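Take a look at the structure below.
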Amino acid sequence: MIDLYTWSTPNGRKVSIMLEEVGLPYETHAINITKDEQFAPDFLNISPNNRIPAIVDRDNGLSLFESGAILQYLAQKTSQFWPAEGEAHWRTTEWLMWQMGGLGPMLGQVHHFVRFNKGKAPYAEERYTKEAKRLYGVLDKRLADVEYVAGDYTIADMSIWPWISRFEWQEIDMDQFPSVKRWYTAIAERPAVQRGYHVPVEQPGIPMP
Ligand SMILES: N[C@@H](CCC(=O)N[C@@H](CS)C(=O)NCC(=O)O)C(=O)O
């Protein structure tokens, strides 16, 4: 049994989607970051960076924060969605790191400046919008050659997809990125993704381009 501490955000959804995909039993604990629940001392004991998501594995008492590490842990625990060796292992790792170090942080800035603080910082809006389009272009180029970023569907796709699901917030026209659109739509149709998307709070629906 996995205890999942999460909220309805891209980083949180990576883990709920993975848990649904691998079929591990889990109990959800909603950490409402709009009410500063991420600063509660009990939560800080397992997530010292005061951010969701985090997990505790009741099988061994291990607690983990950082969504990329959690995806790797769950993949290793279940031997699913992250090939253990060879090129597929490293392609998965490479694209997971690309998401963690680039796509997520940059799109997070787009949400901050373009979605929530429009007009306050034109330079930041321009900079992060340009960077978002560049990153969508990188992903589109990759997905023109392969079905999923590492070949087969892996934790790398699960880390990227929830960020792309905010394409409307990012003011991205998906028709300009046809391979991303194809990949996004295919993943949105997966039953596990449809369940994981609504954790911990039921949403109106997955945005579709
Ligand atoms: N690199 C971290 C980022 C986690 C993160 O930024 N979580 C956000 C929600 S998506 C959060 O908890 N924000 C709370 C805050 O900013 O205080 C991860 O991938 O787990």
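Order determines the names: the first chain of the structure tokens is A, the second B, and so forth; residues in each chain are numbered 1 upward, and ligands are numbered 1 upward as they are shown.
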
### Message
What parts of region 70-187 of chain A does DSSP call alpha helix (DSSP H)? I'd like the answer as an NGL selection string.
### Response
:A and (70-78 or 86-98 or 104-110 or 122-145 or 155-164 or 178-187)

#### Entry: Surroundings of ligand 1 up to 6 Å, based on only C-alpha atoms and all ligand atoms, as an NGL selection string
:A and (9-11 or 33 or 51-53 or 66-68)

### Query
Residues at most 8 Å from Leu71 (chain A), counting only C-alpha atoms, excluding those fewer than 3 positions away in the same chain, as a PyMOL selection string?
chain A and resi 14-15+18+67-68+74-75+155

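Shell of region 182-187 of chain A at 9 Å, with only C-alpha atoms counted and residues fewer than 6 places along the chain excluded, is Leu143, Glu147, Tyr148, Tyr153, Asp157, Met158, Trp161, Ile164, Ser165, Val193, Met208 and Pro209 of chain A.
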
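Residues within 12 Å of Arg134 (chain A), counting only C-alpha atoms and excluding same-chain residues fewer than 5 positions away, are A:Gly102, A:Leu103, A:Met106, A:Leu107, A:Arg127, A:Tyr128, A:Thr129, A:Leu139, A:Asp140, A:Lys141, A:Ile172, A:Gln176, A:Phe177.
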
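With only C-alpha atoms taken into account, the protein and nucleic acid residues at most 9 Å from Asn32 (chain A) (excluding it and anything under 4 positions from it in its own chain) are A:Thr6, A:Trp7, A:Ser8, A:Asp36, A:Glu37, A:Gln38.
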
Selection file, N, CA, C and O atoms, as a compact mmCIF listing (two decimals), in the first residue's frame:
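Below is the file that was written, part-v7.txt:
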```
# COMPACT_ATOMS: atom_id res chain seq x y z
N THR A 6 -0.89 14.50 -2.35
CA THR A 6 -0.93 15.15 -3.66
C THR A 6 -1.98 16.23 -3.74
O THR A 6 -2.79 16.41 -2.82
N TRP A 7 -1.94 16.94 -4.86
CA TRP A 7 -2.97 17.95 -5.17
C TRP A 7 -3.19 17.91 -6.68
O TRP A 7 -2.41 17.25 -7.40
N SER A 8 -4.23 18.58 -7.18
CA SER A 8 -4.60 18.49 -8.59
C SER A 8 -3.73 19.41 -9.45
O SER A 8 -4.17 20.46 -9.92
N ASP A 36 -2.10 26.34 1.91
CA ASP A 36 -0.79 26.21 2.58
C ASP A 36 -0.64 24.93 3.39
O ASP A 36 0.18 24.88 4.33
N GLU A 37 -1.40 23.89 3.04
CA GLU A 37 -1.27 22.63 3.81
C GLU A 37 0.09 21.97 3.58
O GLU A 37 0.48 21.09 4.35
N GLN A 38 0.81 22.41 2.52
CA GLN A 38 2.14 21.84 2.26
C GLN A 38 3.17 22.28 3.30
O GLN A 38 4.29 21.77 3.31
```

### Shell of 9 Å around Thr93 (chain A), only C-alpha atoms, local chain residues under 5 positions omitted, as a ChimeraX atom specification
/A:72,82,88,98,150,155-156

Write the residues of the selection above to a file with all heavy atoms, as an mmCIF file, in the first residue's frame.
```cif
data_model
loop_
_atom_site.group_PDB
_atom_site.id
_atom_site.type_symbol
_atom_site.label_atom_id
_atom_site.label_comp_id
_atom_site.auth_asym_id
_atom_site.auth_seq_id
_atom_site.Cartn_x
_atom_site.Cartn_y
_atom_site.Cartn_z
ATOM 1 N N GLN A 72 10.472 6.860 -10.674
ATOM 2 C CA GLN A 72 11.529 5.841 -10.808
ATOM 3 C C GLN A 72 11.357 4.750 -9.752
ATOM 4 O O GLN A 72 11.495 3.557 -10.033
ATOM 5 C CB GLN A 72 12.914 6.493 -10.670
ATOM 6 C CG GLN A 72 13.271 7.346 -11.880
ATOM 7 C CD GLN A 72 14.617 8.032 -11.730
ATOM 8 O OE1 GLN A 72 14.954 8.554 -10.672
ATOM 9 N NE2 GLN A 72 15.393 8.035 -12.789
ATOM 10 N N TRP A 82 9.717 1.341 -17.106
ATOM 11 C CA TRP A 82 11.082 1.860 -17.159
ATOM 12 C C TRP A 82 12.009 0.673 -17.391
ATOM 13 O O TRP A 82 12.402 0.006 -16.424
ATOM 14 C CB TRP A 82 11.472 2.588 -15.865
ATOM 15 C CG TRP A 82 12.804 3.297 -15.924
ATOM 16 C CD1 TRP A 82 13.457 3.743 -17.041
ATOM 17 C CD2 TRP A 82 13.644 3.639 -14.803
ATOM 18 N NE1 TRP A 82 14.646 4.347 -16.692
ATOM 19 C CE2 TRP A 82 14.782 4.304 -15.314
ATOM 20 C CE3 TRP A 82 13.523 3.475 -13.422
ATOM 21 C CZ2 TRP A 82 15.800 4.785 -14.495
ATOM 22 C CZ3 TRP A 82 14.540 3.953 -12.608
ATOM 23 C CH2 TRP A 82 15.661 4.607 -13.134
ATOM 24 N N ALA A 88 16.670 1.747 -24.149
ATOM 25 C CA ALA A 88 15.342 2.188 -23.697
ATOM 26 C C ALA A 88 15.398 2.740 -22.270
ATOM 27 O O ALA A 88 14.660 3.676 -21.925
ATOM 28 C CB ALA A 88 14.350 1.036 -23.791
ATOM 29 N N TRP A 98 14.679 15.647 -18.887
ATOM 30 C CA TRP A 98 14.298 16.814 -19.712
ATOM 31 C C TRP A 98 13.032 17.446 -19.135
ATOM 32 O O TRP A 98 12.925 18.669 -19.021
ATOM 33 C CB TRP A 98 14.055 16.338 -21.153
ATOM 34 C CG TRP A 98 13.578 17.386 -22.111
ATOM 35 C CD1 TRP A 98 14.332 18.325 -22.749
ATOM 36 C CD2 TRP A 98 12.229 17.590 -22.571
ATOM 37 N NE1 TRP A 98 13.529 19.088 -23.573
ATOM 38 C CE2 TRP A 98 12.243 18.666 -23.483
ATOM 39 C CE3 TRP A 98 11.011 16.956 -22.298
ATOM 40 C CZ2 TRP A 98 11.090 19.127 -24.126
ATOM 41 C CZ3 TRP A 98 9.868 17.407 -22.934
ATOM 42 C CH2 TRP A 98 9.918 18.486 -23.842
ATOM 43 N N ALA A 150 10.302 7.571 -25.420
ATOM 44 C CA ALA A 150 11.419 6.620 -25.322
ATOM 45 C C ALA A 150 11.162 5.371 -26.165
ATOM 46 O O ALA A 150 11.793 4.350 -25.955
ATOM 47 C CB ALA A 150 11.650 6.235 -23.862
ATOM 48 N N ILE A 155 7.543 5.977 -17.953
ATOM 49 C CA ILE A 155 7.407 7.047 -16.953
ATOM 50 C C ILE A 155 7.793 8.405 -17.532
ATOM 51 O O ILE A 155 7.354 9.437 -17.023
ATOM 52 C CB ILE A 155 8.226 6.760 -15.667
ATOM 53 C CG1 ILE A 155 9.693 6.459 -15.988
ATOM 54 C CG2 ILE A 155 7.586 5.640 -14.859
ATOM 55 C CD1 ILE A 155 10.591 6.350 -14.753
ATOM 56 N N ALA A 156 8.587 8.430 -18.591
ATOM 57 C CA ALA A 156 8.935 9.725 -19.195
ATOM 58 C C ALA A 156 7.674 10.379 -19.779
ATOM 59 O O ALA A 156 7.425 11.569 -19.561
ATOM 60 C CB ALA A 156 9.997 9.535 -20.271
#
```

### Message
Rounded to one decimal, what separation in Å do you get between CA of Ser16 (chain A) and CA of Gln194 (chain A)?
### Response
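Computing it gives 10.2 Å between the two atoms.
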
### strand (DSSP E) positions in region 18-199 of chain A, given as an MDAnalysis selection string
chainID A and resid 26:30 54:57 62:65

### Query
Given the choices A:Asp3, A:Pro122, A:Pro178, A:Asn50, which gets closest to Leu19 (chain A) if the distance is worked out from only C-alpha atoms?
A:Asp3
